[in-house]
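Read through the structure below, which is laid out as structure tokens, and then see the notes.
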There are 2 protein chains.
Amino acid sequence: MATKRINMKDIAKEAGVSTATVSYIINKRSDQVIAPQTIKKVEEAIKRLGYVPNLGARALASRHSYLLGLLIPQTEKETKLMFSNSFYGSFLSNFEYEARKKGYNILISGTDVDESYLDVARKRSLDGIVIVGVEIESDIKDLKQIGIPTVLVDSYGMDKELSSVTIDDENGGFLATEYLIGMGHRTIGLATGYLTKEGVNTERLKGYEKALANHGLPKDGRYVYSGTISYEYGLELGLQLAGSPERPSAVFVTADILAFGLIKGLKKGGLKVPEDISVVGFDDGFLASNMEPALTTIRQDVDEKARIAAQLVIDAIEEKEHGSNIVLPVSLVERESVRKLVLN
Amino acid sequence: MATKRINMKDIAKEAGVSTATVSYIINKRSDQVIAPQTIKKVEEAIKRLGYVPNLGARALASRHSYLLGLLIPQTEKETKLMFSNSFYGSFLSNFEYEARKKGYNILISGTDVDESYLDVARKRSLDGIVIVGVEIESDIKDLKQIGIPTVLVDSYGMDKELSSVTIDDENGGFLATEYLIGMGHRTIGLATGYLTKEGVNTERLKGYEKALANHGLPKDGRYVYSGTISYEYGLELGLQLAGSPERPSAVFVTADILAFGLIKGLKKGGLKVPEDISVVGFDDGFLASNMEPALTTIRQDVDEKARIAAQLVIDAIEEKEHGSNIVLPVSLVERESVRKLVLN
């Protein structure tokens, strides 16, 4: 981003306020009372001029709140957070622990579709923000401009100037599908959540399609099942597949919790896993090995992902580092939910 | 609590400050800068005089922060929160959803052994606090005196003036044990977390002992296994029991997640459930029915518990209600993890 080096004086002039007022607003000084209209005027001036704060100076002047926002954008209005999915639970436990050790508390919020990260950050004087999952690009730009350290988790297609942690999602989808092909499967389905443009599910789908293409197998939209990442959707889909003659011989499922529901639904519908249909999951939480059948799945290290997210945002707040993009590896864990097909 | 009706003037006199200063402190006015020593003096005066704020007046005067604290006391130093246990995950998802609908954000904190709820509440200007699990009595008294609405979840032996939500834990332990006795079991173990004086595990143990006594069966300390509520401890215990000739024919486990680990450990050790040993769990999360064998367990409604906790604390903040003690019922869900023994 090529920005003319604008300073606080320029903003003060543009907004018609004193430089001190601009400084108070930029540095989130909670001991100063400033009228909302004034804040608005200054923020608009900041936007118009494309001001990027000098973070070093800011850290010296500002009082840290030692509060981190863990924001989980909701893709639909008025939905609950997904912490009953142990993936999110493990992320939170490790994130909070890492932050607590360094003296930070966590504000947790499922931002609604029409809510701005910036509003939450400002209202709560957050020192930094970690956004898990799908994000809204215009909001991210606002955060960056205002200079609030932000770390993106499991998000694609973003500005590489922001710190981020992801796993190698595409490779996860590729490994799962290659494995199924190697086990003799030729009609392979994919069960997943919403396929948002820059979300992890789309990356896993890419890997799945790449493996199919590698082996000259056709993409077939009828075998791509997209709903919510939930036990409930898995259950529904399992029942539906069990009743359909047009089903694939194997399904790559982009989350263990969805695979658990799917297997339950398949069983309820009278099918056996893996005798009648094979399943590969994604996540490898602590329950995957305990299911019946034990789930073959793509393993990711969610504890490490959470620790890194906390470290990155705290490092940015404390001026130790700027802008790392970490990609963690994945691997396939072979268990009992895939049957080897004998090819004719 | 019989308290002389003390007002702010009395506190101001006692602390040697102005009445306005006392008002600012009591009403958590974030737009006023007050020296920490002054706050300390006033808080000490409040304690000495046993002042209980007039909540009605306070609500009018104060600016709400719309921030609720969800505090999860850690029973050991430097431990992670237990959100990978889907019980806690479901609680959080429902609590956050209920609070968000009413305009509140959630601050989440695993308060360390030596950290005061009051410090967190004051530092963060929390409107109200929900404490899940074991609590520290002296801290609760401080919160009450300062007048911060507080709701206790899964806590026993507390001051009934505070709002609380529990389930009928003792009856849960009783139902599980009665069922095992009815199925012909005579040596019944109990696997659980720490048996803290006022925690849920102790209540479930009471129910277990009551059922044994009802049938003239002896209490046997060798069959009470106490560790942490975790998959890992269950796994360890399962392996240990599998290798021991002195094991009971059935185990009542006070959390599903612990039962999952236990069953895995028993299987690893070469035993079959329920053929060789029977297991009853507690919680009935969405995975219990999907395990192999499907888990017979005590069902509690964690979603409802979370909703009620959020409603109670918000009602107290918004002056709609004071001090309800809600006890939710439990029931036994019979599945496949208990074998019927034929008695000689």
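Labels for the structure tokens follow display order: chains A, B, ..., residues from 1 in each chain, ligands from 1.
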Per-residue DSSP, region 159-216 of chain B, filtered to alpha helix (DSSP H), as a list in words
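So the alpha helix (DSSP H) residues in region 159-216 of chain B would be Asp169, Glu170, Asn171, Gly172, Gly173, Phe174, Leu175, Ala176, Thr177, Glu178, Tyr179, Leu180, Ile181, Gly182, Val200, Asn201, Thr202, Glu203, Arg204, Leu205, Lys206, Gly207, Tyr208, Glu209, Lys210, Ala211, Leu212, Ala213 and Asn214 of chain B.
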Taking a cut-off of 7 Å and counting only C-alpha atoms, can you build a table that, for each residue of chain B near chain A, reports the nearest atom pair and how far apart they are in Å (one decimal), sorted by chain then residue number, as CSV?
```
residue,atom,partner,partner_atom,distance
B:Asp31,CA,A:Val33,CA,6.1
B:Gln32,CA,A:Asp31,CA,6.9
B:Val33,CA,A:Asp31,CA,6.1
B:Lys80,CA,A:Tyr97,CA,5.4
B:Leu81,CA,A:Ser93,CA,4.9
B:Met82,CA,A:Ser93,CA,6.4
B:Phe83,CA,A:Gly89,CA,4.3
B:Ser84,CA,A:Gly89,CA,4.5
B:Asn85,CA,A:Ser86,CA,6.8
B:Ser86,CA,A:Ser84,CA,4.9
B:Gly89,CA,A:Phe83,CA,4.4
B:Ser90,CA,A:Ser84,CA,4.6
B:Leu92,CA,A:Phe83,CA,6.9
B:Ser93,CA,A:Leu81,CA,4.9
B:Asn94,CA,A:Lys80,CA,6.5
B:Tyr97,CA,A:Lys80,CA,5.4
B:Asn105,CA,A:Ser109,CA,6.1
B:Ile106,CA,A:Ile108,CA,5.4
B:Leu107,CA,A:Leu107,CA,4.3
B:Ile108,CA,A:Ile106,CA,5.4
B:Ser109,CA,A:Asn105,CA,6.1
B:Lys264,CA,A:Asn290,CA,6.4
B:Asn290,CA,A:Lys264,CA,6.4
B:Met291,CA,A:Met291,CA,5.7
B:Glu292,CA,A:Glu292,CA,5.4
```
Could you save the residues just selected, with C-alpha atoms, as a short mmCIF file (atom, residue, chain, number, x, y, z; two decimals), in the first residue's frame?
```cif
data_model
loop_
_atom_site.label_atom_id
_atom_site.label_comp_id
_atom_site.auth_asym_id
_atom_site.auth_seq_id
_atom_site.Cartn_x
_atom_site.Cartn_y
_atom_site.Cartn_z
CA ASP B 31 -15.00 8.75 32.28
CA GLN B 32 -13.51 9.78 35.63
CA VAL B 33 -9.86 9.42 36.56
CA LYS B 80 -5.87 -24.86 30.41
CA LEU B 81 -9.61 -24.40 30.28
CA MET B 82 -11.59 -27.50 29.51
CA PHE B 83 -13.34 -26.42 26.34
CA SER B 84 -12.20 -29.49 24.46
CA ASN B 85 -14.80 -31.15 26.70
CA SER B 86 -17.90 -30.53 24.64
CA GLY B 89 -18.09 -25.90 24.66
CA SER B 90 -21.86 -26.26 24.51
CA LEU B 92 -20.15 -21.35 26.11
CA SER B 93 -21.90 -21.44 22.73
CA ASN B 94 -25.32 -21.12 24.32
CA TYR B 97 -25.61 -16.59 22.01
CA ASN B 105 -20.12 -9.41 25.00
CA ILE B 106 -18.32 -12.11 26.95
CA LEU B 107 -14.99 -11.84 28.67
CA ILE B 108 -13.64 -15.28 29.29
CA SER B 109 -11.03 -16.01 31.86
CA LYS B 264 -10.81 -46.70 25.24
CA ASN B 290 -22.40 -42.46 18.70
CA MET B 291 -19.75 -44.29 20.70
CA GLU B 292 -19.20 -48.00 20.52
#
```
ask   = What does the distance between CA of Ile6 (chain B) and CA of Arg48 (chain B) come to in Å, to one decimal place?
value =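 That distance, rounded to one decimal, is 10.9 Å.
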(Q) I'd like the contact shell of Ile167 (chain B) - 9 Å cut-off, only C-alpha atoms, skipping same-chain residues fewer than 2 positions apart - returned as a list in words. (A)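 Contacts, in chain order: Asp154, Val165, Asp169, Glu170, Asn171, Gly172, Val200, Gln300, Asp301, Lys305, Ile326, Val327, Leu328, Pro329 and Val330 of chain B.
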(request) For CA of Val22 (chain A) and CA of Tyr117 (chain A), determine how far apart the two atoms are, in Å to one decimal place. (result)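 Pair CA of Val22 (chain A) / CA of Tyr117 (chain A) returns 21.1 Å.
For Glu178 (chain B), the list of residues within 12 Å, based on only C-alpha atoms and with local chain neighbours fewer than 4 positions off taken out, reads B:Asn171, B:Gly172, B:Gly173, B:Phe174, B:Gly182, B:Met183, B:Gly184, B:His185, B:Arg186, B:Ile188, B:Gly207, B:Tyr208, B:Glu209, B:Lys210, B:Ala211, B:Leu212, B:Ala213, B:Asn214, B:His215, B:Leu217, B:Ala250, B:Phe252, B:Val280, B:Ile298, B:Leu332.
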Generate the output file for the selected residues, N, CA and C atoms, as a CSV table (one decimal), in the first residue's frame.
```csv
chain,number,residue,atom,x,y,z
B,171,ASN,N,-29.1,-36.7,42.6
B,171,ASN,CA,-30.0,-37.6,42.0
B,171,ASN,C,-29.4,-38.3,40.8
B,172,GLY,N,-28.6,-37.6,40.0
B,172,GLY,CA,-27.9,-38.2,38.9
B,172,GLY,C,-27.1,-39.4,39.3
B,173,GLY,N,-26.3,-39.2,40.4
B,173,GLY,CA,-25.4,-40.3,40.9
B,173,GLY,C,-26.3,-41.4,41.5
B,174,PHE,N,-27.4,-41.0,42.1
B,174,PHE,CA,-28.3,-42.0,42.6
B,174,PHE,C,-29.0,-42.9,41.5
B,182,GLY,N,-29.9,-52.5,39.8
B,182,GLY,CA,-31.0,-53.2,39.2
B,182,GLY,C,-30.6,-54.1,38.0
B,183,MET,N,-29.5,-53.9,37.4
B,183,MET,CA,-28.9,-54.7,36.4
B,183,MET,C,-28.1,-55.9,37.0
B,184,GLY,N,-28.1,-56.0,38.3
B,184,GLY,CA,-27.4,-57.1,38.9
B,184,GLY,C,-26.0,-56.9,39.4
B,185,HIS,N,-25.5,-55.6,39.3
B,185,HIS,CA,-24.1,-55.3,39.7
B,185,HIS,C,-24.1,-55.1,41.2
B,186,ARG,N,-23.0,-55.7,41.8
B,186,ARG,CA,-22.8,-55.6,43.3
B,186,ARG,C,-21.5,-54.9,43.7
B,188,ILE,N,-19.6,-51.9,42.4
B,188,ILE,CA,-19.7,-50.8,41.5
B,188,ILE,C,-18.7,-49.7,41.9
B,207,GLY,N,-24.9,-39.3,45.9
B,207,GLY,CA,-26.0,-40.1,45.3
B,207,GLY,C,-25.6,-41.5,45.1
B,208,TYR,N,-24.4,-41.8,44.7
B,208,TYR,CA,-23.9,-43.1,44.5
B,208,TYR,C,-23.9,-43.9,45.8
B,209,GLU,N,-23.4,-43.2,46.9
B,209,GLU,CA,-23.3,-43.8,48.2
B,209,GLU,C,-24.7,-44.1,48.7
B,210,LYS,N,-25.6,-43.2,48.4
B,210,LYS,CA,-27.0,-43.3,48.9
B,210,LYS,C,-27.7,-44.6,48.3
B,211,ALA,N,-27.4,-44.8,47.0
B,211,ALA,CA,-28.0,-46.0,46.3
B,211,ALA,C,-27.4,-47.2,46.9
B,212,LEU,N,-26.1,-47.2,47.1
B,212,LEU,CA,-25.4,-48.4,47.7
B,212,LEU,C,-26.0,-48.7,49.0
B,213,ALA,N,-26.2,-47.7,49.9
B,213,ALA,CA,-26.7,-47.9,51.2
B,213,ALA,C,-28.2,-48.4,51.2
B,214,ASN,N,-28.9,-47.9,50.2
B,214,ASN,CA,-30.3,-48.3,50.0
B,214,ASN,C,-30.4,-49.8,49.9
B,215,HIS,N,-29.4,-50.4,49.3
B,215,HIS,CA,-29.4,-51.8,49.0
B,215,HIS,C,-28.5,-52.6,49.9
B,217,LEU,N,-25.4,-52.4,50.3
B,217,LEU,CA,-24.1,-52.6,49.7
B,217,LEU,C,-23.0,-51.8,50.4
B,250,ALA,N,-18.8,-52.9,37.4
B,250,ALA,CA,-19.4,-51.8,36.7
B,250,ALA,C,-18.8,-50.5,37.3
B,252,PHE,N,-19.6,-46.2,37.5
B,252,PHE,CA,-20.3,-45.0,37.2
B,252,PHE,C,-19.3,-43.9,37.1
B,280,VAL,N,-21.5,-46.5,33.1
B,280,VAL,CA,-22.5,-45.4,32.9
B,280,VAL,C,-21.8,-44.1,33.0
B,298,ILE,N,-26.3,-40.4,32.2
B,298,ILE,CA,-27.2,-39.5,32.9
B,298,ILE,C,-27.3,-38.2,32.0
B,332,LEU,N,-31.9,-40.8,33.3
B,332,LEU,CA,-31.0,-41.8,32.8
B,332,LEU,C,-31.4,-42.1,31.4
```
From CA of Leu271 (chain A) to CA of Leu295 (chain A) the spacing works out at 16.1 Å
Might you pull out every residue within 10 Å of Thr38 (chain B), with only C-alpha atoms counted and same-chain residues fewer than 6 positions away left off, and present them as a PyMOL selection string?
-> chain B and resi 15-17+21-22+25+44
Using N, CA and C atoms, can you export the residues from the last selection as a compact mmCIF listing (two decimals), in the first residue's frame?
```txt
# COMPACT_ATOMS: atom_id res chain seq x y z
N ALA B 15 -14.00 7.28 54.50
CA ALA B 15 -12.80 7.19 53.66
C ALA B 15 -12.07 8.52 53.54
N GLY B 16 -12.73 9.59 53.99
CA GLY B 16 -12.10 10.90 53.88
C GLY B 16 -12.04 11.43 52.46
N VAL B 17 -13.08 11.14 51.68
CA VAL B 17 -13.14 11.65 50.30
C VAL B 17 -14.52 12.27 50.07
N THR B 21 -16.82 11.31 44.66
CA THR B 21 -15.77 10.31 44.40
C THR B 21 -16.30 8.90 44.70
N VAL B 22 -16.99 8.79 45.84
CA VAL B 22 -17.56 7.47 46.20
C VAL B 22 -18.53 7.02 45.10
N ILE B 25 -16.81 5.76 42.01
CA ILE B 25 -16.20 4.44 42.17
C ILE B 25 -17.27 3.36 42.17
N GLU B 44 -12.09 -0.09 51.02
CA GLU B 44 -11.90 -0.53 52.42
C GLU B 44 -13.01 0.01 53.31
```
Surrounding residues of Glu275 (chain A) excluding itself and chain neighbours under 4 positions, 9 Å, only C-alpha atoms, as a tab-separated table (two decimals) with C-alpha atoms, in the first residue's frame:
```
chain	number	residue	atom	x	y	z
A	271	LEU	CA	-25.24	-49.21	6.04
A	337	SER	CA	-13.03	-46.28	8.34
A	338	VAL	CA	-11.82	-46.99	4.81
A	339	ARG	CA	-12.26	-50.29	2.98
```
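Within the 7 Å cut-off around Ile317 (chain B), using only C-alpha atoms and omitting residues fewer than 6 positions from it on the same chain, the listed residues are Asp127, Gly128 and Pro149 of chain B.
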Pull N, CA, C and O atoms from the residues just selected and write them as an mmCIF file, in the first residue's frame.
```cif
data_model
loop_
_atom_site.group_PDB
_atom_site.id
_atom_site.type_symbol
_atom_site.label_atom_id
_atom_site.label_comp_id
_atom_site.auth_asym_id
_atom_site.auth_seq_id
_atom_site.Cartn_x
_atom_site.Cartn_y
_atom_site.Cartn_z
ATOM 1 N N ASP B 127 -20.206 -5.902 33.958
ATOM 2 C CA ASP B 127 -21.557 -5.662 34.466
ATOM 3 C C ASP B 127 -22.017 -6.797 35.374
ATOM 4 O O ASP B 127 -22.835 -6.590 36.262
ATOM 5 N N GLY B 128 -21.550 -7.978 35.093
ATOM 6 C CA GLY B 128 -21.976 -9.131 35.869
ATOM 7 C C GLY B 128 -21.021 -10.279 35.629
ATOM 8 O O GLY B 128 -20.220 -10.233 34.695
ATOM 9 N N PRO B 149 -23.574 -8.110 40.132
ATOM 10 C CA PRO B 149 -24.436 -9.281 39.958
ATOM 11 C C PRO B 149 -23.614 -10.519 39.590
ATOM 12 O O PRO B 149 -22.783 -10.461 38.689
#
```
